[in-house]
Each structure stands twice: as structure tokens, then as C-alpha cells.
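Structure file target_5.cif with mmCIF, C-alpha atoms; chains and numbers go by the auth columns:
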data_query
#
loop_
_atom_site.group_PDB
_atom_site.id
_atom_site.type_symbol
_atom_site.label_atom_id
_atom_site.label_comp_id
_atom_site.label_asym_id
_atom_site.label_seq_id
_atom_site.Cartn_x
_atom_site.Cartn_y
_atom_site.Cartn_z
_atom_site.B_iso_or_equiv
_atom_site.auth_seq_id
_atom_site.auth_asym_id
ATOM 1 C CA MET A 1 -8.568 -7.222 43.512 0.00 1 W
ATOM 2 C CA PHE A 2 -12.154 -6.985 44.778 0.00 2 W
ATOM 3 C CA ALA A 3 -12.670 -3.745 42.861 0.00 3 W
ATOM 4 C CA LYS A 4 -11.439 -5.401 39.667 0.00 4 W
ATOM 5 C CA ILE A 5 -13.760 -8.357 40.228 0.00 5 W
ATOM 6 C CA ALA A 6 -16.721 -6.068 40.905 0.00 6 W
ATOM 7 C CA VAL A 7 -16.145 -3.865 37.850 0.00 7 W
ATOM 8 C CA SER A 8 -15.574 -6.840 35.532 0.00 8 W
ATOM 9 C CA ALA A 9 -18.665 -8.656 36.806 0.00 9 W
ATOM 10 C CA LEU A 10 -20.867 -5.573 36.553 0.00 10 W
ATOM 11 C CA ILE A 11 -19.819 -4.753 32.991 0.00 11 W
ATOM 12 C CA ALA A 12 -19.949 -8.324 31.707 0.00 12 W
ATOM 13 C CA GLY A 13 -23.154 -9.154 33.583 0.00 13 W
ATOM 14 C CA PHE A 14 -24.972 -6.071 32.346 0.00 14 W
ATOM 15 C CA GLY A 15 -23.855 -6.689 28.763 0.00 15 W
ATOM 16 C CA ALA A 16 -24.929 -10.338 28.881 0.00 16 W
ATOM 17 C CA GLY A 17 -28.224 -9.305 30.475 0.00 17 W
ATOM 18 C CA LEU A 18 -28.967 -6.937 27.600 0.00 18 W
ATOM 19 C CA ILE A 19 -28.255 -9.668 25.068 0.00 19 W
ATOM 20 C CA ALA A 20 -30.441 -12.076 27.040 0.00 20 W
ATOM 21 C CA SER A 21 -33.309 -9.573 26.979 0.00 21 W
ATOM 22 C CA VAL A 22 -33.093 -9.140 23.212 0.00 22 W
ATOM 23 C CA LEU A 23 -32.957 -12.885 22.565 0.00 23 W
ATOM 24 C CA GLN A 24 -35.766 -13.589 25.019 0.00 24 W
ATOM 25 C CA TYR A 25 -37.944 -10.968 23.369 0.00 25 W
ATOM 26 C CA ALA A 26 -37.227 -12.251 19.860 0.00 26 W
ATOM 27 C CA PHE A 27 -37.386 -16.015 20.402 0.00 27 W
ATOM 28 C CA VAL A 28 -38.886 -17.001 23.765 0.00 28 W
ATOM 29 C CA GLN A 29 -41.444 -14.369 24.723 0.00 29 W
ATOM 30 C CA PRO A 30 -43.696 -14.943 21.679 0.00 30 W
ATOM 31 C CA LEU A 31 -44.052 -18.598 22.689 0.00 31 W
ATOM 32 C CA LEU A 32 -44.844 -17.618 26.276 0.00 32 W
ATOM 33 C CA LEU A 33 -47.551 -15.223 25.100 0.00 33 W
ATOM 34 C CA HIS A 34 -49.037 -17.921 22.901 0.00 34 W
ATOM 35 C CA ALA A 35 -49.034 -20.391 25.804 0.00 35 W
ATOM 36 C CA GLU A 36 -50.785 -17.853 28.038 0.00 36 W
ATOM 37 C CA LEU A 37 -53.522 -17.552 25.435 0.00 37 W
ATOM 38 C CA PHE A 38 -54.035 -21.317 25.399 0.00 38 W
ATOM 39 C CA GLU A 39 -54.100 -21.331 29.202 0.00 39 W
ATOM 40 C CA ALA A 40 -56.792 -18.645 29.235 0.00 40 W
ATOM 41 C CA ASP A 41 -59.031 -20.172 26.568 0.00 41 W
ATOM 42 C CA PRO A 42 -57.802 -23.118 24.480 0.00 42 W
ATOM 43 C CA HIS A 43 -60.812 -22.928 22.169 0.00 43 W
ATOM 44 C CA THR A 44 -60.091 -19.409 20.890 0.00 44 W
ATOM 45 C CA ALA A 45 -56.333 -19.344 21.355 0.00 45 W
ATOM 46 C CA LEU A 46 -55.489 -20.313 17.783 0.00 46 W
ATOM 47 C CA ASP A 47 -57.579 -17.486 16.370 0.00 47 W
ATOM 48 C CA ILE A 48 -56.108 -14.963 18.807 0.00 48 W
ATOM 49 C CA VAL A 49 -52.543 -16.084 18.111 0.00 49 W
ATOM 50 C CA ARG A 50 -52.951 -15.319 14.417 0.00 50 W
ATOM 51 C CA VAL A 51 -53.538 -11.626 15.173 0.00 51 W
ATOM 52 C CA ALA A 52 -51.570 -11.150 18.420 0.00 52 W
ATOM 53 C CA ARG A 53 -47.922 -11.407 17.429 0.00 53 W
ATOM 54 C CA GLY A 54 -45.167 -9.479 19.143 0.00 54 W
ATOM 55 C CA ALA A 55 -47.130 -6.879 21.056 0.00 55 W
ATOM 56 C CA PHE A 56 -44.598 -4.440 22.543 0.00 56 W
ATOM 57 C CA GLU A 57 -45.198 -3.313 26.111 0.00 57 W
ATOM 58 C CA PRO A 58 -42.522 -0.752 27.145 0.00 58 W
ATOM 59 C CA MET A 59 -42.947 -1.180 30.901 0.00 59 W
ATOM 60 C CA ARG A 60 -42.862 -4.977 30.712 0.00 60 W
ATOM 61 C CA GLU A 61 -39.810 -4.974 28.464 0.00 61 W
ATOM 62 C CA ALA A 62 -37.994 -2.479 30.694 0.00 62 W
ATOM 63 C CA MET A 63 -38.603 -4.710 33.696 0.00 63 W
ATOM 64 C CA ASN A 64 -37.323 -7.713 31.729 0.00 64 W
ATOM 65 C CA VAL A 65 -34.128 -5.836 30.855 0.00 65 W
ATOM 66 C CA MET A 66 -33.565 -4.833 34.475 0.00 66 W
ATOM 67 C CA PHE A 67 -34.226 -8.365 35.724 0.00 67 W
ATOM 68 C CA SER A 68 -31.895 -9.932 33.145 0.00 68 W
ATOM 69 C CA ALA A 69 -29.133 -7.432 33.921 0.00 69 W
ATOM 70 C CA LEU A 70 -29.399 -8.118 37.655 0.00 70 W
ATOM 71 C CA ILE A 71 -29.519 -11.901 37.407 0.00 71 W
ATOM 72 C CA TYR A 72 -26.621 -12.166 34.956 0.00 72 W
ATOM 73 C CA THR A 73 -24.566 -9.758 37.039 0.00 73 W
ATOM 74 C CA GLY A 74 -25.051 -12.184 39.908 0.00 74 W
ATOM 75 C CA TYR A 75 -24.024 -15.068 37.660 0.00 75 W
ATOM 76 C CA ALA A 76 -20.990 -13.039 36.564 0.00 76 W
ATOM 77 C CA PHE A 77 -19.789 -12.715 40.166 0.00 77 W
ATOM 78 C CA ILE A 78 -20.112 -16.481 40.682 0.00 78 W
ATOM 79 C CA LEU A 79 -18.423 -17.360 37.399 0.00 79 W
ATOM 80 C CA LEU A 80 -15.610 -14.859 37.893 0.00 80 W
ATOM 81 C CA ALA A 81 -14.978 -16.111 41.421 0.00 81 W
ATOM 82 C CA GLY A 82 -14.298 -19.552 39.967 0.00 82 W
ATOM 83 C CA MET A 83 -12.108 -18.078 37.235 0.00 83 W
ATOM 84 C CA VAL A 84 -10.038 -16.098 39.750 0.00 84 W
ATOM 85 C CA PHE A 85 -9.603 -19.183 41.922 0.00 85 W
ATOM 86 C CA ALA A 86 -8.479 -21.131 38.857 0.00 86 W
ATOM 87 C CA GLU A 87 -6.021 -18.346 38.065 0.00 87 W
ATOM 88 C CA GLU A 88 -4.400 -18.980 41.430 0.00 88 W
ATOM 89 C CA LEU A 89 -3.871 -22.549 40.212 0.00 89 W
ATOM 90 C CA GLY A 90 -2.093 -21.315 37.097 0.00 90 W
ATOM 91 C CA GLN A 91 -4.996 -20.966 34.651 0.00 91 W
ATOM 92 C CA ALA A 92 -4.910 -17.558 32.964 0.00 92 W
ATOM 93 C CA ILE A 93 -8.127 -15.581 32.538 0.00 93 W
ATOM 94 C CA THR A 94 -8.513 -14.946 28.801 0.00 94 W
ATOM 95 C CA PRO A 95 -11.492 -14.463 26.496 0.00 95 W
ATOM 96 C CA ARG A 96 -11.035 -18.038 25.247 0.00 96 W
ATOM 97 C CA ALA A 97 -10.928 -19.395 28.786 0.00 97 W
ATOM 98 C CA GLY A 98 -13.944 -17.262 29.634 0.00 98 W
ATOM 99 C CA LEU A 99 -15.858 -18.782 26.731 0.00 99 W
ATOM 100 C CA LEU A 100 -15.170 -22.261 28.120 0.00 100 W
ATOM 101 C CA TRP A 101 -16.203 -21.163 31.612 0.00 101 W
ATOM 102 C CA GLY A 102 -19.424 -19.735 30.198 0.00 102 W
ATOM 103 C CA ALA A 103 -20.177 -22.993 28.401 0.00 103 W
ATOM 104 C CA ALA A 104 -19.545 -24.870 31.651 0.00 104 W
ATOM 105 C CA GLY A 105 -21.928 -22.538 33.456 0.00 105 W
ATOM 106 C CA PHE A 106 -24.593 -23.288 30.862 0.00 106 W
ATOM 107 C CA ILE A 107 -24.125 -27.031 31.293 0.00 107 W
ATOM 108 C CA ALA A 108 -24.390 -26.829 35.080 0.00 108 W
ATOM 109 C CA MET A 109 -27.253 -24.329 35.293 0.00 109 W
ATOM 110 C CA HIS A 110 -29.391 -25.325 32.309 0.00 110 W
ATOM 111 C CA PHE A 111 -28.343 -28.345 30.264 0.00 111 W
ATOM 112 C CA ALA A 112 -27.884 -30.894 33.059 0.00 112 W
ATOM 113 C CA PRO A 113 -31.094 -29.912 34.921 0.00 113 W
ATOM 114 C CA ALA A 114 -33.033 -29.985 31.637 0.00 114 W
ATOM 115 C CA PHE A 115 -32.349 -33.723 31.379 0.00 115 W
ATOM 116 C CA GLY A 116 -34.858 -34.218 34.164 0.00 116 W
ATOM 117 C CA LEU A 117 -36.794 -30.961 34.301 0.00 117 W
ATOM 118 C CA ALA A 118 -37.308 -29.394 30.905 0.00 118 W
ATOM 119 C CA PRO A 119 -38.253 -25.696 30.851 0.00 119 W
ATOM 120 C CA ASP A 120 -41.995 -25.467 31.547 0.00 120 W
ATOM 121 C CA MET A 121 -44.554 -23.313 29.799 0.00 121 W
ATOM 122 C CA PRO A 122 -47.686 -21.804 31.372 0.00 122 W
ATOM 123 C CA GLY A 123 -50.384 -24.443 31.704 0.00 123 W
ATOM 124 C CA GLN A 124 -48.037 -27.361 32.356 0.00 124 W
ATOM 125 C CA ASN A 125 -48.354 -29.185 35.646 0.00 125 W
ATOM 126 C CA GLY A 126 -45.371 -30.383 37.605 0.00 126 W
ATOM 127 C CA ALA A 127 -44.254 -32.172 40.735 0.00 127 W
ATOM 128 C CA ASP A 128 -44.014 -30.503 44.130 0.00 128 W
ATOM 129 C CA VAL A 129 -42.139 -27.212 43.798 0.00 129 W
ATOM 130 C CA GLU A 130 -39.901 -27.827 46.804 0.00 130 W
ATOM 131 C CA ALA A 131 -38.926 -31.276 45.541 0.00 131 W
ATOM 132 C CA ARG A 132 -38.059 -29.850 42.132 0.00 132 W
ATOM 133 C CA GLN A 133 -35.995 -27.074 43.696 0.00 133 W
ATOM 134 C CA ILE A 134 -34.019 -29.539 45.813 0.00 134 W
ATOM 135 C CA TRP A 135 -33.289 -31.735 42.778 0.00 135 W
ATOM 136 C CA TRP A 136 -32.317 -28.688 40.701 0.00 136 W
ATOM 137 C CA TYR A 137 -29.894 -27.359 43.314 0.00 137 W
ATOM 138 C CA MET A 138 -28.381 -30.817 43.735 0.00 138 W
ATOM 139 C CA THR A 139 -27.950 -31.200 39.990 0.00 139 W
ATOM 140 C CA VAL A 140 -26.309 -27.792 39.590 0.00 140 W
ATOM 141 C CA ALA A 141 -23.946 -28.371 42.522 0.00 141 W
ATOM 142 C CA PHE A 142 -22.966 -31.921 41.558 0.00 142 W
ATOM 143 C CA THR A 143 -22.531 -31.049 37.875 0.00 143 W
ATOM 144 C CA GLY A 144 -20.460 -27.958 38.623 0.00 144 W
ATOM 145 C CA LEU A 145 -18.238 -29.858 41.062 0.00 145 W
ATOM 146 C CA GLY A 146 -17.902 -32.739 38.638 0.00 146 W
ATOM 147 C CA MET A 147 -16.767 -30.459 35.817 0.00 147 W
ATOM 148 C CA TRP A 148 -14.267 -28.832 38.186 0.00 148 W
ATOM 149 C CA PHE A 149 -12.778 -32.260 38.932 0.00 149 W
ATOM 150 C CA ILE A 150 -12.623 -33.023 35.218 0.00 150 W
ATOM 151 C CA ALA A 151 -10.863 -29.745 34.458 0.00 151 W
ATOM 152 C CA PHE A 152 -8.431 -29.720 37.373 0.00 152 W
ATOM 153 C CA GLY A 153 -8.232 -33.358 38.433 0.00 153 W
ATOM 154 C CA ARG A 154 -4.820 -34.970 38.143 0.00 154 W
ATOM 155 C CA ASN A 155 -5.677 -38.652 38.222 0.00 155 W
ATOM 156 C CA TRP A 156 -8.263 -41.202 37.177 0.00 156 W
ATOM 157 C CA MET A 157 -9.753 -41.339 40.660 0.00 157 W
ATOM 158 C CA MET A 158 -10.780 -37.695 40.555 0.00 158 W
ATOM 159 C CA TRP A 159 -12.133 -38.091 37.036 0.00 159 W
ATOM 160 C CA GLY A 160 -14.093 -41.127 38.137 0.00 160 W
ATOM 161 C CA VAL A 161 -15.578 -39.170 41.033 0.00 161 W
ATOM 162 C CA ALA A 162 -16.477 -36.437 38.541 0.00 162 W
ATOM 163 C CA VAL A 163 -18.437 -38.878 36.390 0.00 163 W
ATOM 164 C CA ILE A 164 -20.274 -40.206 39.439 0.00 164 W
ATOM 165 C CA LEU A 165 -21.170 -36.694 40.604 0.00 165 W
ATOM 166 C CA ILE A 166 -22.499 -35.659 37.204 0.00 166 W
ATOM 167 C CA ALA A 167 -24.468 -38.878 36.740 0.00 167 W
ATOM 168 C CA ALA A 168 -25.871 -39.141 40.279 0.00 168 W
ATOM 169 C CA PRO A 169 -28.768 -36.626 39.973 0.00 169 W
ATOM 170 C CA GLN A 170 -29.851 -38.162 36.683 0.00 170 W
ATOM 171 C CA LEU A 171 -29.756 -41.674 38.143 0.00 171 W
ATOM 172 C CA ILE A 172 -31.774 -40.521 41.146 0.00 172 W
ATOM 173 C CA GLY A 173 -34.221 -38.910 38.757 0.00 173 W
ATOM 174 C CA ALA A 174 -36.098 -35.636 38.881 0.00 174 W
ATOM 175 C CA PRO A 175 -39.441 -35.544 40.700 0.00 175 W
ATOM 176 C CA LEU A 176 -42.342 -35.964 38.280 0.00 176 W
ATOM 177 C CA PRO A 177 -46.055 -35.248 38.674 0.00 177 W
ATOM 178 C CA ASP A 178 -48.542 -38.072 39.132 0.00 178 W
ATOM 179 C CA THR A 179 -50.302 -37.117 35.913 0.00 179 W
ATOM 180 C CA LEU A 180 -49.058 -35.221 32.897 0.00 180 W
ATOM 181 C CA THR A 181 -51.318 -32.490 31.569 0.00 181 W
ATOM 182 C CA GLN A 182 -50.663 -29.669 29.183 0.00 182 W
ATOM 183 C CA VAL A 183 -52.926 -26.979 27.784 0.00 183 W
ATOM 184 C CA ALA A 184 -50.663 -25.692 25.024 0.00 184 W
ATOM 185 C CA PRO A 185 -49.834 -27.933 22.018 0.00 185 W
ATOM 186 C CA PRO A 186 -46.752 -30.169 22.498 0.00 186 W
ATOM 187 C CA GLU A 187 -45.144 -28.550 19.452 0.00 187 W
ATOM 188 C CA LEU A 188 -45.228 -25.224 21.290 0.00 188 W
ATOM 189 C CA ALA A 189 -43.764 -26.741 24.458 0.00 189 W
ATOM 190 C CA SER A 190 -40.905 -28.428 22.592 0.00 190 W
ATOM 191 C CA ALA A 191 -40.086 -25.221 20.712 0.00 191 W
ATOM 192 C CA PHE A 192 -40.092 -23.317 24.009 0.00 192 W
ATOM 193 C CA ALA A 193 -37.691 -25.771 25.657 0.00 193 W
ATOM 194 C CA ALA A 194 -35.341 -25.752 22.657 0.00 194 W
ATOM 195 C CA ARG A 195 -35.289 -21.981 22.358 0.00 195 W
ATOM 196 C CA THR A 196 -34.841 -21.484 26.091 0.00 196 W
ATOM 197 C CA LEU A 197 -31.787 -23.731 26.114 0.00 197 W
ATOM 198 C CA GLY A 198 -30.432 -22.156 22.932 0.00 198 W
ATOM 199 C CA VAL A 199 -30.722 -18.650 24.322 0.00 199 W
ATOM 200 C CA ALA A 200 -29.115 -19.755 27.594 0.00 200 W
ATOM 201 C CA LEU A 201 -26.141 -21.252 25.722 0.00 201 W
ATOM 202 C CA VAL A 202 -25.555 -18.049 23.759 0.00 202 W
ATOM 203 C CA VAL A 203 -25.899 -15.791 26.795 0.00 203 W
ATOM 204 C CA TRP A 204 -23.696 -17.869 29.120 0.00 204 W
ATOM 205 C CA SER A 205 -21.006 -18.167 26.453 0.00 205 W
ATOM 206 C CA THR A 206 -21.194 -14.425 25.903 0.00 206 W
ATOM 207 C CA LEU A 207 -20.996 -13.811 29.643 0.00 207 W
ATOM 208 C CA GLY A 208 -17.801 -15.838 29.952 0.00 208 W
ATOM 209 C CA LEU A 209 -16.337 -14.186 26.862 0.00 209 W
ATOM 210 C CA PHE A 210 -17.103 -10.725 28.232 0.00 210 W
ATOM 211 C CA LEU A 211 -15.568 -11.588 31.608 0.00 211 W
ATOM 212 C CA GLY A 212 -12.338 -12.745 30.001 0.00 212 W
ATOM 213 C CA ALA A 213 -12.182 -9.691 27.757 0.00 213 W
ATOM 214 C CA VAL A 214 -13.017 -7.102 30.424 0.00 214 W
ATOM 215 C CA TRP A 215 -10.656 -8.675 32.977 0.00 215 W
ATOM 216 C CA ASN A 216 -7.724 -8.067 30.614 0.00 216 W
ATOM 217 C CA SER A 217 -8.800 -4.602 29.529 0.00 217 W
ATOM 218 C CA LYS A 218 -8.394 -1.172 31.061 0.00 218 W
ATOM 219 C CA LEU A 219 -12.118 -1.115 31.841 0.00 219 W
ATOM 220 C CA SER A 220 -11.491 -3.251 34.924 0.00 220 W
ATOM 221 C CA GLU A 221 -8.810 -0.942 36.267 0.00 221 W
ATOM 222 C CA VAL A 222 -10.087 1.453 38.916 0.00 222 W
#

As C-alpha cells, please, write out the structure in this file.
Amino acid sequence: MFAKIAVSALIAGFGAGLIASVLQYAFVQPLLLHAELFEADPHTALDIVRVARGAFEPMREAMNVMFSALIYTGYAFILLAGMVFAEELGQAITPRAGLLWGAAGFIAMHFAPAFGLAPDMPGQNGADVEARQIWWYMTVAFTGLGMWFIAFGRNWMMWGVAVILIAAPQLIGAPLPDTLTQVAPPELASAFAARTLGVALVVWSTLGLFLGAVWNSKLSEV
């Protein structure tokens, strides 16, 4: 069983990581590069942006691919562990089920935290890093547990607890800085947040889909 889990997670995680790298390069990285220009010199950034579009750096892109493959392989192990546990409860692992699990992973890891802490660009200030990390971990844990209760709960009490868990971090509120400053234009920041969440949704859904497909294929048999 462990060998099947490992092979499925490695294949699905690496595939999702490659897709993440391509989408990041096409949609997110250009905005990051633009923001870095504004952070360096806001007065000349607009002129530089007009001529510096999509510069390809092989070493940087190779490192991004490796990082994405590693991180989504780790996510694949976590997601598949939940799927296998659910299988013990009678829920079959299929590509369709994997797609739903991937969407749930996106909600817990990205969508719910973004309600309080939107993806930041270079040049944006924020609250204390440790405080933000604590709130983020709490939000991910409570949201994930809440969705589990919604999916596998058998009565209104469990569903009510699920709602409380999901809402609690948002009611507590994410830590915010004393003052809000931003070097890059707000239009750039909003586009960055939207694209980051969009890419995450596609990649997490793909990750779950891959896990369900590989688990039921001969690729996972060793």
C-alpha cells in the first residue's frame, strides 16, 4: 500500500508541479517582475516595464520547476493520505473524487486564507510574520477539518461544528499592519492576487484529478 501511495503521489505531484511552473511563468511571474521594478525605482518602473517583458532566465526557471515539483509532491502525499483514509470509510478513489479533493485542498490552502491575507507582491508591507503564519496555519487546519465534517458528517451537529470551524478564523480576523503602504499600483496587486488564486485552483484540481487517475492505473502498481 505504501509503495502505491508513494508512486501515485510522486507521479501526480510532479505532473501538477510542471503545470504550476508553466502557469506561474505565463501569468504570475510577469507581474512579480513588474512589481520588483516598482520596488527598485517607482519613478522609472513604467518605462522599464514597457521594454522588459518576459525575460527568460534558464537557471531561474529550472529552479522554479524543481521547487514546484517538490512542493506539489508534498501536497500530493497529504491529499492522497486523506483520500486513502476516506476509502476506508467507503469512498472510492476515482478521478472525479480526486477532482473534488483537489478543489477542497485549494479552498483550505488558498481560498480561505486569502479572505484575510491576500497574496502579497514585493513592496507591500504586512503584519508580523509570525502572527500571519499562526493565523494561516489555523485557517488551513480549521477549514480542512470543517470540510471533512461537512463531507463525512452524519448529523446536523457535526455540520454545525463544521460551519463554526470554517468561520472561526475569519471572525477572529487576520493580523493586519498598522499602516498600509504599497509601492506597486493597486491594479497590479489585484491582478496578482486574482491570478495567483486562479493558478492555484487549476493546479490543485489537476493534482486531485491526477491522483485519482494514477491510483486506478497500472502506473501505481509496483

- Run the PyMOL selection byres ((chain W and resi 108-114) around 7) against the file shown and list the residues it catches, as an MDAnalysis selection string. chainID W and resid 104:107 115:119 136 139:140 143:144 197

- With the file shown as input, list the residues that the PyMOL selection byres ((chain W and resi 220) around 12) selects, as a list of chain:residue names.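 What the PyMOL selection byres ((chain W and resi 220) around 12) grabs from the file is W:Met1, W:Phe2, W:Ala3, W:Lys4, W:Ile5, W:Ala6, W:Val7, W:Ser8, W:Ala9, W:Leu10, W:Ile11, W:Ala12, W:Phe210, W:Leu211, W:Gly212, W:Ala213, W:Val214, W:Trp215, W:Asn216, W:Ser217, W:Lys218, W:Leu219, W:Glu221, W:Val222.
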
- Polymer residues at most 8 Å from Leu32 of chain W, only C-alpha atoms, same-chain spacing of 3 or more positions, as a VMD selection string: chain W and resid 28 to 29 35 to 36 121 to 122 192

Any chance you could export the current selection's C-alpha atoms as a PDB file, in the coordinates of the input?
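Final output, saved to out-v3.pdb:
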ATOM      1  CA  VAL W  28     -38.886 -17.001  23.765  1.00  0.00           C
ATOM      2  CA  GLN W  29     -41.444 -14.369  24.723  1.00  0.00           C
ATOM      3  CA  ALA W  35     -49.034 -20.391  25.804  1.00  0.00           C
ATOM      4  CA  GLU W  36     -50.785 -17.853  28.038  1.00  0.00           C
ATOM      5  CA  MET W 121     -44.554 -23.313  29.799  1.00  0.00           C
ATOM      6  CA  PRO W 122     -47.686 -21.804  31.372  1.00  0.00           C
ATOM      7  CA  PHE W 192     -40.092 -23.317  24.009  1.00  0.00           C
TER       8      PHE W 192
END

- Point-to-point distance in Å for atom CA of Met66 of chain W and atom CA of Gly17 of chain W: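 Those two atoms sit 8.0 Å apart.
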
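Compared by their closest atoms to Ala191 of chain W, and using all atoms listed in the file, the residues W:Ser21, W:Ala162, W:Asp120, W:Leu99 rank with W:Asp120 nearest.
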